[in-house]
Amino acid sequence: MGEELCCSTQLIDGDGEFNVSGVEDFMRSVRLSECGLSYAVVSIMGPQSSGKSTLLNHLFGTNFREMDAFRGRNQTTRGIWLAQCVGIEPCTIIMDLEGTDGRERGEDDTAFEKQSALFALAISDIVLINMWCHDIGREQAANKPLLKTVFQVMMRLFSPRKTTLLFVIRDKTKTPLEHLEPVLREDIQKIWDAVSKPEAHKDTSLSEFFNVEVTALSSFEEKEEQFKEQVAQLRQRFVHSIAPGGLAGDRRGVIPASGFSFSSQQIWKVIRENKDLDLPAHKVMVATVRCEEIANEKLSSLTSDDSWLELAEAVQYGPVPGFGKKLSTILDHSLSEYDKEAIYFDEGVRTAKRQQLESRALHLVRPAFQAMLGHLRSKALDKFKGDLVKSLESGKGFAASVRDCTQSSMHEFDQAYEDVAIKQADWDASKIQEKLQRDIDAHAVSVQSAKLSELTSHYETQLTEGLAEPVESLFDASSKDTWASIRNLYKREIENALSGFRTSLSGFEMDRVTSDRMVVNLKDYARSVVEKKSREEASKVLIHMKDRFSIMFSHDKESFPRVWTGKEDIRKITKDARAAALKLLSIMAVIRLDEKPDIIENILKSALIEGPVAQDRISTASTDPLASSTWEEVPPKNTVITPVQCKSLWRQFKAETEFTVTQAISAQEAHKRSNSKLPPPWAIAAIAILGFNELMMLLRNPLYLLVFFVIFLLSKALWVQLDVTRDFHSSTLSGILSLSARFLPTVMNLLRRLASEGQGLQQAPEPLPPPLRSQSFRSQSQRQSQLANPAPDVSSSSSTVSSPRNDIEYSIKRPKADSDGEASSASSVA
């Protein structure tokens with residue numbers, strides 16, 4: 001035929017084994033999978049040695065093995081062979097079946113004949129039935145058993161496909177085909193009518209299952225040229241055989257070319273197991289398997305697709321612009337590739353598998369989609385945080401800022417989601433939106449808590465600054481109106497703070513209960529500041545009482561220091577000072593922020609000032625009003641100093657201020673003694689008159705005056721060194737004994753010091769060292785004096801001696817004795 005022959009492949013061997021690998025190789029070599037539905041399968045059946053292979057080789061250009069007539073007539077084709085037709089469109093697959101009625105298999109071995117006939121009817125679009133011309137009209141000719149076999153096998157199909165039966169009459173005689181064809185059709189119809197049918201197809205006509213065509217060919221051996229011409233004409237009928245009007249133009253239930261191998265294998269498996277073959281179910285089964293395979297291939301391709309891998313990697317590090325469009329394009333490409341390959345399979349199966357592929361593909365890309373949504377959520381949340389900070393800094397209310405920023409962030413998320421959405425997926429972003437809303441709410445609550453805490457701390461600090469130091473100052477200057485002043489201060493500060501606090505809270509738009517609770521907490525804090533400061537000052541009440549006593553006792557009404565001249569009523573002054581200290585104690589004993597009157601001051605006066613007199617008259621201890629741990633009509637929470645503690649503090653106070661009173665009394669008595677030693681005026685006048693001559697002698701001889709002055713200085717120094725006043729303070733006898741023991745050493749020490757100073761002045765005048773011992777003594781004496789007497793005017797470490805005669809005042813410090821029993825002295829003249 002002038003064309004290259006196609007190599008044949010054995011589809012099923014003589015033992016009925018399906019050649020899977022051979023068929024796969026054949027399909028790859030002829031690229032059958034690319035044909036879709038545009039292919040046809042032609043098979044031929046007929047008696048053994050009837051020229052089937054020869055006809056196929058001349059008709060379709062195949063190279064099936066032909067019988068060698070010179071070697072005798074025997075079986076040439078064993079099993080079923082497969083080859084591609086050369087030069088005919090569309091792609092046509094030719095199957096050469098083993099001949100029937102062969103002596104090799106025997107008379108009773110017809111199973112393979114029926115199986116191969118059923119297989120050919122199941123997968124072929126056109127079945128050539130090769131028969132001899134002289135067998136037409138004979139009842140027992142070879143064609144009748146074959147036709148019965150074909151129809152009987154066909155009836156095992158529940159829903160057979162529409163197949164074209166082309167009867168090829170070989171070795172045509174002189175009888176015209178017009179006379180042979182009616183006879184043949186009549187015989188065929190009789191065979192069809194005689195075959196038992198299932199109930200469902202009892203009245204089904206032959207044309208429902210078969211298109212019957214008849215053609216005749218001359219003898220190949222006797223009229224070879226005529227045979228080839230007739231075959232060439234017949235070949236033209238197979239061009240576009242599946243097109244409308246072609247030999248197989250009305251075929252049904254076509255399996256796509258990519259499923260040919262699997263379909264053939266499964267059909268042969270069912271036939272071999274001697275089961276009824278339901279071709280529609282088989283078609284669905286083939287479509288299911290092939291569509292599943294195609295779907296798996298496309299999913300695998302998607303998994304390894306470079307564009308998808310790049311997109312999946314990029315989305316892990318941040319948002320990807322145009323994510324939804326890019327991903328939709330990738331998915332569209334995979335699904336369209338599936339559609340191209342699965343378009344010829346059963347629509348229902350194809351659609352179902354496409355949906356599965358789409359679902360699996362979406363499942364594959366969903367993590368990337370979720371990651372992208374996570375980026376959008378984070379971006380929207382960050383925007384909310386930044387916008388909220390800016391809005392609050394601009395002075396806008398918190399609640400209004402949260403509303404506006406939330407609306408802006410959610411709107412931005414919705415806009416960004418439109419760019420992320422995948423058209424193949426109807427995924428709902430409500431869960432991400434809800435999570436974003438929860439995150440926004442959580443951050444808003446966190447910021448609100450921080451702002452409220454900051455606001456509360458600000459006003460608490462304001463209250464602390466406005467209450468703590470003023471309350472302390474009011475306690476320092478305690479008076480009868482102390483607590484009234486504290487209450488006024490408390491009310492003023494709390495009103496100022498609450499006014500600003502309520503204004504600030506209005507921006508948060510909180511519920512009434514919460515705002516009222518915060519206002520109450522701020523009030524409680526202000527009260528706690530006052531109470532805390534009250535308790536702090538109460539812990540130092542003894543110091544305050546002694547200070548108050550010292551001020552009242554040591555200063556007059558005009559706040560000048562008292563000079564104890566002997567005319568003061570120390571008893572009254574002491575009583576007044578103690579009363580002032582007691583009043584201070586009563587002020588600090590309880591907290592009086594509630595303006596409830598109490599009688600604590602009266603109780604303390606009656607028990608501590610008037611009490612000792614009453615206790616002398618009444619010896620019963622049960623009448624002591626301070627023998628309790630609570631005050632009458634005062635809640636325990638407002639009690640700072642209990643009655644028992646007041647009594648103990650008062651006892652300690654009296655003990656520590658007793659020395660001050662004693663010193664004042666001593667100073668007053670000393671002043672009286674000093675005034676009583678001065679001579680009377682008449683005596684001074686008599687001395688002046690009688691001693692006039694001596695005075696004039698001193699004036700005429702200044703040397704005497706200098707001698708007397710030096711003697712006075714030495715006497716004064718001895719007086720100070722010996723501390724005569726201290727020695728005679730206890731008793732006269734002890735003073736005399738002490739002076740007699742220390743007089744001579746003191747005089748000798750004084751003379752040695754004078755001699756050493758004189759020598760130093762003659763040799764080299766050097767700066768004298770400061771009187772360290774005297775200064776040390778002075779500091780020590782001052783400290784001792786301060787500890788012994790808190791009143792500065794009562795206790796003093798220096799003695800001042802005034803001379804009314806010459807208006808010269810000497811201030812002499814008593815030196816501190818050293819380890820040798822010697823004393824140093826220093827004197828200053830003012």
# chains A, B, ... in the order shown; residues from 1 in each chain; ligands from 1

$ residues_around --residues "Met545 (chain A)" --least-positions-apart "5" --cutoff "12 Å" --atoms "only C-alpha atoms" --output "VMD selection string"
chain A and resid 475 to 478 537 to 540 550 to 553 577 to 588 646 649 to 654 656 to 657

$ closest_residue --among "A:Asp594, A:Asp171, A:Asp428, A:Glu181" --to "Asn488 (chain A)" --atoms "only C-alpha atoms"
A:Asp594

$ residues_around --residues "Lys326 (chain A)" --least-positions-apart "4" --cutoff "10 Å" --atoms "only C-alpha atoms" --output "MDAnalysis selection string"
chainID A and resid 307:308 311 320:322 330:332 419:420 422

$ select_by_dssp --residues "region 110-227 of chain A" --states "strand (DSSP E or B)" --output "PDB file with all heavy atoms, in the first residue's frame"
ATOM      1  N   ILE A 126     -16.702  -1.431  15.472  1.00  0.00           N
ATOM      2  CA  ILE A 126     -17.068  -2.138  14.246  1.00  0.00           C
ATOM      3  C   ILE A 126     -16.519  -3.556  14.340  1.00  0.00           C
ATOM      4  O   ILE A 126     -15.336  -3.741  14.667  1.00  0.00           O
ATOM      5  CB  ILE A 126     -16.489  -1.449  13.003  1.00  0.00           C
ATOM      6  CG1 ILE A 126     -16.951   0.022  12.933  1.00  0.00           C
ATOM      7  CG2 ILE A 126     -16.874  -2.187  11.732  1.00  0.00           C
ATOM      8  CD1 ILE A 126     -16.244   0.838  11.862  1.00  0.00           C
ATOM      9  N   VAL A 127     -17.388  -4.528  14.113  1.00  0.00           N
ATOM     10  CA  VAL A 127     -16.967  -5.938  14.146  1.00  0.00           C
ATOM     11  C   VAL A 127     -17.155  -6.512  12.719  1.00  0.00           C
ATOM     12  O   VAL A 127     -18.282  -6.534  12.192  1.00  0.00           O
ATOM     13  CB  VAL A 127     -17.775  -6.767  15.153  1.00  0.00           C
ATOM     14  CG1 VAL A 127     -17.349  -8.236  15.109  1.00  0.00           C
ATOM     15  CG2 VAL A 127     -17.599  -6.198  16.560  1.00  0.00           C
ATOM     16  N   LEU A 128     -16.030  -6.928  12.131  1.00  0.00           N
ATOM     17  CA  LEU A 128     -16.090  -7.565  10.810  1.00  0.00           C
ATOM     18  C   LEU A 128     -16.343  -9.069  11.023  1.00  0.00           C
ATOM     19  O   LEU A 128     -15.600  -9.711  11.794  1.00  0.00           O
ATOM     20  CB  LEU A 128     -14.773  -7.363  10.068  1.00  0.00           C
ATOM     21  CG  LEU A 128     -14.352  -5.907   9.789  1.00  0.00           C
ATOM     22  CD1 LEU A 128     -13.015  -5.879   9.048  1.00  0.00           C
ATOM     23  CD2 LEU A 128     -15.405  -5.182   8.998  1.00  0.00           C
ATOM     24  N   ILE A 129     -17.389  -9.591  10.372  1.00  0.00           N
ATOM     25  CA  ILE A 129     -17.692 -11.028  10.453  1.00  0.00           C
ATOM     26  C   ILE A 129     -17.349 -11.635   9.097  1.00  0.00           C
ATOM     27  O   ILE A 129     -18.040 -11.390   8.098  1.00  0.00           O
ATOM     28  CB  ILE A 129     -19.165 -11.271  10.821  1.00  0.00           C
ATOM     29  CG1 ILE A 129     -19.474 -10.618  12.178  1.00  0.00           C
ATOM     30  CG2 ILE A 129     -19.461 -12.756  10.878  1.00  0.00           C
ATOM     31  CD1 ILE A 129     -20.919 -10.727  12.599  1.00  0.00           C
ATOM     32  N   ASN A 130     -16.262 -12.343   9.117  1.00  0.00           N
ATOM     33  CA  ASN A 130     -15.745 -12.926   7.864  1.00  0.00           C
ATOM     34  C   ASN A 130     -16.449 -14.278   7.620  1.00  0.00           C
ATOM     35  O   ASN A 130     -16.452 -15.155   8.489  1.00  0.00           O
ATOM     36  CB  ASN A 130     -14.236 -13.118   8.006  1.00  0.00           C
ATOM     37  CG  ASN A 130     -13.569 -13.295   6.665  1.00  0.00           C
ATOM     38  OD1 ASN A 130     -13.862 -12.530   5.746  1.00  0.00           O
ATOM     39  ND2 ASN A 130     -12.693 -14.272   6.558  1.00  0.00           N
ATOM     40  N   MET A 131     -17.097 -14.439   6.417  1.00  0.00           N
ATOM     41  CA  MET A 131     -17.824 -15.684   6.128  1.00  0.00           C
ATOM     42  C   MET A 131     -17.726 -15.995   4.621  1.00  0.00           C
ATOM     43  O   MET A 131     -17.564 -15.105   3.796  1.00  0.00           O
ATOM     44  CB  MET A 131     -19.284 -15.564   6.558  1.00  0.00           C
ATOM     45  CG  MET A 131     -20.052 -14.443   5.897  1.00  0.00           C
ATOM     46  SD  MET A 131     -21.709 -14.254   6.546  1.00  0.00           S
ATOM     47  CE  MET A 131     -22.359 -15.867   6.310  1.00  0.00           C
ATOM     48  N   TRP A 132     -17.816 -17.268   4.338  1.00  0.00           N
ATOM     49  CA  TRP A 132     -17.746 -17.696   2.945  1.00  0.00           C
ATOM     50  C   TRP A 132     -19.086 -17.454   2.250  1.00  0.00           C
ATOM     51  O   TRP A 132     -20.141 -17.604   2.836  1.00  0.00           O
ATOM     52  CB  TRP A 132     -17.398 -19.184   2.861  1.00  0.00           C
ATOM     53  CG  TRP A 132     -16.051 -19.506   3.460  1.00  0.00           C
ATOM     54  CD1 TRP A 132     -15.812 -20.189   4.577  1.00  0.00           C
ATOM     55  CD2 TRP A 132     -14.789 -19.141   2.921  1.00  0.00           C
ATOM     56  NE1 TRP A 132     -14.483 -20.302   4.824  1.00  0.00           N
ATOM     57  CE2 TRP A 132     -13.805 -19.641   3.800  1.00  0.00           C
ATOM     58  CE3 TRP A 132     -14.363 -18.423   1.775  1.00  0.00           C
ATOM     59  CZ2 TRP A 132     -12.440 -19.479   3.588  1.00  0.00           C
ATOM     60  CZ3 TRP A 132     -13.002 -18.281   1.564  1.00  0.00           C
ATOM     61  CH2 TRP A 132     -12.046 -18.786   2.481  1.00  0.00           C
ATOM     62  N   THR A 163     -23.155  -1.352  18.242  1.00  0.00           N
ATOM     63  CA  THR A 163     -22.014  -1.872  17.490  1.00  0.00           C
ATOM     64  C   THR A 163     -22.439  -2.129  16.028  1.00  0.00           C
ATOM     65  O   THR A 163     -23.557  -2.553  15.750  1.00  0.00           O
ATOM     66  CB  THR A 163     -21.502  -3.181  18.110  1.00  0.00           C
ATOM     67  OG1 THR A 163     -21.212  -2.967  19.480  1.00  0.00           O
ATOM     68  CG2 THR A 163     -20.254  -3.654  17.394  1.00  0.00           C
ATOM     69  N   THR A 164     -21.509  -1.847  15.135  1.00  0.00           N
ATOM     70  CA  THR A 164     -21.769  -2.086  13.707  1.00  0.00           C
ATOM     71  C   THR A 164     -21.222  -3.470  13.340  1.00  0.00           C
ATOM     72  O   THR A 164     -20.034  -3.764  13.565  1.00  0.00           O
ATOM     73  CB  THR A 164     -21.091  -1.022  12.844  1.00  0.00           C
ATOM     74  OG1 THR A 164     -21.652   0.255  13.181  1.00  0.00           O
ATOM     75  CG2 THR A 164     -21.301  -1.310  11.364  1.00  0.00           C
ATOM     76  N   LEU A 165     -22.106  -4.315  12.828  1.00  0.00           N
ATOM     77  CA  LEU A 165     -21.707  -5.657  12.366  1.00  0.00           C
ATOM     78  C   LEU A 165     -21.583  -5.598  10.839  1.00  0.00           C
ATOM     79  O   LEU A 165     -22.567  -5.382  10.135  1.00  0.00           O
ATOM     80  CB  LEU A 165     -22.746  -6.701  12.763  1.00  0.00           C
ATOM     81  CG  LEU A 165     -22.963  -6.906  14.274  1.00  0.00           C
ATOM     82  CD1 LEU A 165     -24.034  -7.967  14.515  1.00  0.00           C
ATOM     83  CD2 LEU A 165     -21.674  -7.307  14.968  1.00  0.00           C
ATOM     84  N   LEU A 166     -20.334  -5.666  10.385  1.00  0.00           N
ATOM     85  CA  LEU A 166     -20.079  -5.621   8.948  1.00  0.00           C
ATOM     86  C   LEU A 166     -19.763  -7.053   8.482  1.00  0.00           C
ATOM     87  O   LEU A 166     -18.695  -7.598   8.776  1.00  0.00           O
ATOM     88  CB  LEU A 166     -18.904  -4.695   8.629  1.00  0.00           C
ATOM     89  CG  LEU A 166     -18.490  -4.605   7.151  1.00  0.00           C
ATOM     90  CD1 LEU A 166     -19.667  -4.167   6.268  1.00  0.00           C
ATOM     91  CD2 LEU A 166     -17.311  -3.638   7.000  1.00  0.00           C
ATOM     92  N   PHE A 167     -20.779  -7.664   7.765  1.00  0.00           N
ATOM     93  CA  PHE A 167     -20.585  -9.014   7.249  1.00  0.00           C
ATOM     94  C   PHE A 167     -19.787  -8.922   5.937  1.00  0.00           C
ATOM     95  O   PHE A 167     -20.236  -8.270   4.980  1.00  0.00           O
ATOM     96  CB  PHE A 167     -21.938  -9.706   6.999  1.00  0.00           C
ATOM     97  CG  PHE A 167     -22.636 -10.066   8.280  1.00  0.00           C
ATOM     98  CD1 PHE A 167     -23.470  -9.152   8.937  1.00  0.00           C
ATOM     99  CD2 PHE A 167     -22.466 -11.336   8.822  1.00  0.00           C
ATOM    100  CE1 PHE A 167     -24.108  -9.504  10.098  1.00  0.00           C
ATOM    101  CE2 PHE A 167     -23.131 -11.678   9.984  1.00  0.00           C
ATOM    102  CZ  PHE A 167     -23.936 -10.755  10.641  1.00  0.00           C
ATOM    103  N   VAL A 168     -18.636  -9.548   5.936  1.00  0.00           N
ATOM    104  CA  VAL A 168     -17.777  -9.558   4.743  1.00  0.00           C
ATOM    105  C   VAL A 168     -17.907 -10.943   4.089  1.00  0.00           C
ATOM    106  O   VAL A 168     -17.491 -11.952   4.667  1.00  0.00           O
ATOM    107  CB  VAL A 168     -16.319  -9.268   5.111  1.00  0.00           C
ATOM    108  CG1 VAL A 168     -15.459  -9.275   3.845  1.00  0.00           C
ATOM    109  CG2 VAL A 168     -16.207  -7.934   5.843  1.00  0.00           C
ATOM    110  N   ILE A 169     -18.537 -10.956   2.908  1.00  0.00           N
ATOM    111  CA  ILE A 169     -18.750 -12.220   2.166  1.00  0.00           C
ATOM    112  C   ILE A 169     -17.526 -12.450   1.293  1.00  0.00           C
ATOM    113  O   ILE A 169     -17.215 -11.624   0.420  1.00  0.00           O
ATOM    114  CB  ILE A 169     -20.021 -12.159   1.310  1.00  0.00           C
ATOM    115  CG1 ILE A 169     -21.245 -11.884   2.217  1.00  0.00           C
ATOM    116  CG2 ILE A 169     -20.216 -13.438   0.523  1.00  0.00           C
ATOM    117  CD1 ILE A 169     -22.527 -11.657   1.442  1.00  0.00           C
ATOM    118  N   ARG A 170     -16.821 -13.485   1.614  1.00  0.00           N
ATOM    119  CA  ARG A 170     -15.582 -13.794   0.883  1.00  0.00           C
ATOM    120  C   ARG A 170     -15.852 -14.734  -0.314  1.00  0.00           C
ATOM    121  O   ARG A 170     -16.799 -15.522  -0.320  1.00  0.00           O
ATOM    122  CB  ARG A 170     -14.589 -14.459   1.838  1.00  0.00           C
ATOM    123  CG  ARG A 170     -14.261 -13.641   3.064  1.00  0.00           C
ATOM    124  CD  ARG A 170     -13.486 -12.368   2.679  1.00  0.00           C
ATOM    125  NE  ARG A 170     -12.207 -12.695   2.059  1.00  0.00           N
ATOM    126  CZ  ARG A 170     -11.089 -12.947   2.739  1.00  0.00           C
ATOM    127  NH1 ARG A 170     -11.114 -12.910   4.067  1.00  0.00           N
ATOM    128  NH2 ARG A 170      -9.981 -13.230   2.110  1.00  0.00           N
ATOM    129  N   PHE A 210     -27.529  -3.368  17.057  1.00  0.00           N
ATOM    130  CA  PHE A 210     -26.576  -3.564  15.970  1.00  0.00           C
ATOM    131  C   PHE A 210     -26.982  -2.773  14.733  1.00  0.00           C
ATOM    132  O   PHE A 210     -28.166  -2.612  14.439  1.00  0.00           O
ATOM    133  CB  PHE A 210     -26.475  -5.055  15.587  1.00  0.00           C
ATOM    134  CG  PHE A 210     -25.938  -5.922  16.688  1.00  0.00           C
ATOM    135  CD1 PHE A 210     -26.796  -6.698  17.467  1.00  0.00           C
ATOM    136  CD2 PHE A 210     -24.583  -5.977  16.948  1.00  0.00           C
ATOM    137  CE1 PHE A 210     -26.291  -7.500  18.465  1.00  0.00           C
ATOM    138  CE2 PHE A 210     -24.089  -6.777  17.949  1.00  0.00           C
ATOM    139  CZ  PHE A 210     -24.943  -7.547  18.723  1.00  0.00           C
ATOM    140  N   ASN A 211     -25.937  -2.281  14.073  1.00  0.00           N
ATOM    141  CA  ASN A 211     -26.083  -1.802  12.700  1.00  0.00           C
ATOM    142  C   ASN A 211     -25.528  -2.904  11.785  1.00  0.00           C
ATOM    143  O   ASN A 211     -24.343  -3.256  11.896  1.00  0.00           O
ATOM    144  CB  ASN A 211     -25.294  -0.508  12.469  1.00  0.00           C
ATOM    145  CG  ASN A 211     -25.895   0.672  13.210  1.00  0.00           C
ATOM    146  OD1 ASN A 211     -27.113   0.777  13.324  1.00  0.00           O
ATOM    147  ND2 ASN A 211     -25.040   1.547  13.710  1.00  0.00           N
ATOM    148  N   VAL A 212     -26.364  -3.451  10.929  1.00  0.00           N
ATOM    149  CA  VAL A 212     -25.930  -4.575  10.073  1.00  0.00           C
ATOM    150  C   VAL A 212     -25.584  -4.041   8.695  1.00  0.00           C
ATOM    151  O   VAL A 212     -26.400  -3.368   8.051  1.00  0.00           O
ATOM    152  CB  VAL A 212     -27.017  -5.661   9.965  1.00  0.00           C
ATOM    153  CG1 VAL A 212     -26.558  -6.794   9.050  1.00  0.00           C
ATOM    154  CG2 VAL A 212     -27.369  -6.184  11.354  1.00  0.00           C
ATOM    155  N   GLU A 213     -24.348  -4.268   8.318  1.00  0.00           N
ATOM    156  CA  GLU A 213     -23.863  -3.883   6.992  1.00  0.00           C
ATOM    157  C   GLU A 213     -23.317  -5.152   6.304  1.00  0.00           C
ATOM    158  O   GLU A 213     -22.781  -6.042   6.966  1.00  0.00           O
ATOM    159  CB  GLU A 213     -22.760  -2.829   7.092  1.00  0.00           C
ATOM    160  CG  GLU A 213     -23.179  -1.533   7.738  1.00  0.00           C
ATOM    161  CD  GLU A 213     -24.135  -0.732   6.863  1.00  0.00           C
ATOM    162  OE1 GLU A 213     -24.123  -0.966   5.633  1.00  0.00           O
ATOM    163  OE2 GLU A 213     -24.882   0.116   7.396  1.00  0.00           O
ATOM    164  N   VAL A 214     -23.454  -5.196   4.953  1.00  0.00           N
ATOM    165  CA  VAL A 214     -23.015  -6.369   4.184  1.00  0.00           C
ATOM    166  C   VAL A 214     -22.159  -5.890   3.016  1.00  0.00           C
ATOM    167  O   VAL A 214     -22.497  -4.891   2.349  1.00  0.00           O
ATOM    168  CB  VAL A 214     -24.207  -7.196   3.658  1.00  0.00           C
ATOM    169  CG1 VAL A 214     -23.701  -8.399   2.880  1.00  0.00           C
ATOM    170  CG2 VAL A 214     -25.112  -7.626   4.806  1.00  0.00           C
ATOM    171  N   THR A 215     -21.057  -6.557   2.813  1.00  0.00           N
ATOM    172  CA  THR A 215     -20.202  -6.276   1.665  1.00  0.00           C
ATOM    173  C   THR A 215     -19.644  -7.604   1.162  1.00  0.00           C
ATOM    174  O   THR A 215     -19.636  -8.603   1.902  1.00  0.00           O
ATOM    175  CB  THR A 215     -19.054  -5.317   2.028  1.00  0.00           C
ATOM    176  OG1 THR A 215     -18.370  -4.970   0.829  1.00  0.00           O
ATOM    177  CG2 THR A 215     -18.077  -5.960   3.001  1.00  0.00           C
ATOM    178  N   ALA A 216     -19.186  -7.632  -0.068  1.00  0.00           N
ATOM    179  CA  ALA A 216     -18.680  -8.875  -0.678  1.00  0.00           C
ATOM    180  C   ALA A 216     -17.356  -8.599  -1.354  1.00  0.00           C
ATOM    181  O   ALA A 216     -17.135  -7.506  -1.906  1.00  0.00           O
ATOM    182  CB  ALA A 216     -19.673  -9.415  -1.680  1.00  0.00           C
TER     183      ALA A 216
END

$ atom_distance --atom1 "CA of Val519 (chain A)" --atom2 "CA of Thr456 (chain A)"
9.6 Å
